[in-house]
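Q: Here it is, the structure in full.
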Amino acid sequence: MTPIKAVYFSALASFLACGALAQTAPQYGQCGGTGWTGPTTCPANFACTAVSPPWYSQCLPGTATTTATTTATTTSGSTSPVGSGSPTSSSTSTAPSGSATLAPGYSFVRSVEAPTFHQYLESQVLGKASPAVVGDYTAAAQFQVVNGQLIQNAAGTNLYAVVQPPANSTVTKLGVSWSATPDTLGTFVFSGDSLEWSSPSVVRQQTNAWLVCPNGTAMLVFINLGAYDYMTPAGCSDTTLNAYTGATAVP
Ligand SMILES: *[C@@H]1O[C@H](CO)[C@@H](O)[C@H](O)[C@H]1NC(C)=O
Ligand SMILES: *[C@@H]1O[C@H](CO)[C@@H](O)[C@H](O)[C@H]1NC(C)=O
């Protein structure tokens with residue numbers, strides 16, 4: 001780890017430590033779910049929503065919804081700790097820590113380098129068309145690569161990873177977001193367990209080079225057009241994204 005990265009990681013660690021003490025979860029932050037011990041209230045105009053019950057609840061715009069299925073949803077109001085605390089009627093006394101069970105033919109995808117080691121690929125707004133981020137294992141999404149498309153299984157609906165075309169030749173990283181319509185720029189592939197992307201119209205030095213760049217509390221995922229670990233954009237960190245096919249996502 002270079003000194004610059006060490007400073008960044010230390011700053012991030014302090015930030016996270018402070019965040020854990022906060023009473024209110026950040027916008028789009030986790031606010032409940034299996035094993036969650038952090039804040040369970042959301043900022044104004046955000047509601048704690050059980051997006052992947054019982055494992056994960058997230059602060060989403062709006063007021064409390066009825067999407068949750070856990071017993072905790074019987075409480076109402078925008079600050080109820082949906083999905084946290086009370087055990088569900090179906091769970092055993094030894095609730096496993098982990099995510100939804102991996103569907104046949106799918107993989108989890110996770111970062112393997114600090115400071116996002118074993119953070120999992122998902123949508124910023126869980127299961128919805130929104131920017132690609134890496135986040136907690138309890139919210140890990142599931143993926144297939146079919147005909148060059150990276151497809152997220154969003155509760156039975158396909159979300160495609162769409163790569164933002166470079167605006168000009170000085171651009172060094174490309175944003176990735178989830179969309180109901182397929183990508184038209186390039187081709188995703190698993191090479192071994194490593195997720196790669198290439199395009200006939202985009203010059204890349206390494207097809208498996210990814211960047212994670214924080215935007216507020218979101219850890220946004222980018223395609224790195226430069227060489228791995230060389231001239232990393234300020235605030236970003238280099239990583240590769242690798243398939244993980246354990247039964248559930250693990251830290
Ligand atoms: C290239 O595109 C980026 C991103 O849109 C922009 O910030 C930058 O100013 C552009 N540079 C040139 C030389 O056009
Ligand atoms: C980054 O955060 C700002 C402020 O919340 C937001 O307006 C912007 O859309 C975010 N960018 C991405 C790519 O999510």
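Each chain of the structure tokens is named A, B, ... in the order shown, its residues numbered from 1; ligands are numbered from 1 in display order.
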Hey, which residues sit close to ligand 1? Say within 6 Å, counting only C-alpha atoms and all ligand atoms, and write them as a count of residues only.

A: 4

Q: Ligand 2: which residues are within 9 Å, counting only C-alpha atoms and all ligand atoms? Reply as a list in words.

A: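 Residues lying within 9 Å of ligand 2: Gln27, Gln124, Ser130, Pro131, Ala132, Gly175, Val176, Ser177, Pro214, Asn215, Gly216, Thr217, Ala218 and Leu220 of chain A.
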
Q: Output N, CA, C and O atoms for every residue in the selection just made, as a compact mmCIF listing (two decimals), in the first residue's frame.

A:
```txt
# COMPACT_ATOMS: atom_id res chain seq x y z
N GLN A 27 -28.46 8.93 3.42
CA GLN A 27 -29.31 8.67 2.26
C GLN A 27 -28.75 7.46 1.51
O GLN A 27 -27.55 7.38 1.27
N GLN A 124 -27.00 1.17 -6.52
CA GLN A 124 -27.03 2.16 -5.43
C GLN A 124 -28.41 2.14 -4.76
O GLN A 124 -28.51 2.19 -3.54
N SER A 130 -30.06 2.27 -11.31
CA SER A 130 -29.33 3.31 -10.57
C SER A 130 -27.84 3.00 -10.74
O SER A 130 -27.48 1.97 -11.32
N PRO A 131 -26.94 3.89 -10.27
CA PRO A 131 -25.52 3.64 -10.49
C PRO A 131 -25.04 2.31 -9.88
O PRO A 131 -25.58 1.85 -8.88
N ALA A 132 -24.00 1.73 -10.49
CA ALA A 132 -23.37 0.52 -9.95
C ALA A 132 -22.45 0.92 -8.81
O ALA A 132 -21.66 1.85 -8.93
N GLY A 175 -18.29 5.56 -16.04
CA GLY A 175 -19.29 5.17 -15.07
C GLY A 175 -20.10 3.97 -15.56
O GLY A 175 -20.23 3.73 -16.76
N VAL A 176 -20.63 3.21 -14.62
CA VAL A 176 -21.44 2.03 -14.94
C VAL A 176 -22.75 2.17 -14.15
O VAL A 176 -22.73 2.52 -12.98
N SER A 177 -23.85 1.91 -14.83
CA SER A 177 -25.13 1.96 -14.12
C SER A 177 -26.02 0.81 -14.60
O SER A 177 -25.73 0.17 -15.61
N PRO A 214 -15.57 7.04 -4.18
CA PRO A 214 -16.70 7.43 -3.33
C PRO A 214 -17.40 8.68 -3.83
O PRO A 214 -16.75 9.59 -4.34
N ASN A 215 -18.72 8.69 -3.70
CA ASN A 215 -19.52 9.89 -3.96
C ASN A 215 -20.49 9.99 -2.79
O ASN A 215 -21.49 9.29 -2.75
N GLY A 216 -20.16 10.84 -1.81
CA GLY A 216 -20.91 10.77 -0.56
C GLY A 216 -20.64 9.43 0.08
O GLY A 216 -19.48 9.01 0.18
N THR A 217 -21.68 8.71 0.44
CA THR A 217 -21.49 7.40 1.06
C THR A 217 -21.51 6.28 0.03
O THR A 217 -21.28 5.12 0.36
N ALA A 218 -21.79 6.59 -1.24
CA ALA A 218 -21.85 5.56 -2.26
C ALA A 218 -20.46 5.26 -2.80
O ALA A 218 -19.70 6.18 -3.10
N LEU A 220 -18.98 4.24 -5.85
CA LEU A 220 -19.33 4.06 -7.25
C LEU A 220 -18.27 3.23 -7.98
O LEU A 220 -17.07 3.37 -7.73
```

Q: Which residue gives the smallest distance to Leu102 (chain A) among A:Ala249, A:Ala50, A:Cys42, A:Leu60, with only C-alpha atoms counted?

A: A:Ala249

Q: Excluding Trp197 (chain A) and residues on its chain fewer than 5 positions from it, collect all residues at most 6 Å away from it, counting only C-alpha atoms, and give them as a PyMOL selection string.

A: chain A and resi 187-188+207

Q: Please, what distance in Å, to one decimal, runs between CA of Gly35 (chain A) and CA of Gln119 (chain A)?

A: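 Going from CA of Gly35 (chain A) over to CA of Gln119 (chain A) covers 16.5 Å.
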
Q: Go through A:Thr138, A:Lys128, A:Gln149, A:Met231 one by one, measure the shortest atom-to-atom distance of each to Phe108 (chain A) using only C-alpha atoms, and give the residue with the smallest value.

A: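 With only C-alpha atoms as the atom set, the closest residue is A:Thr138.
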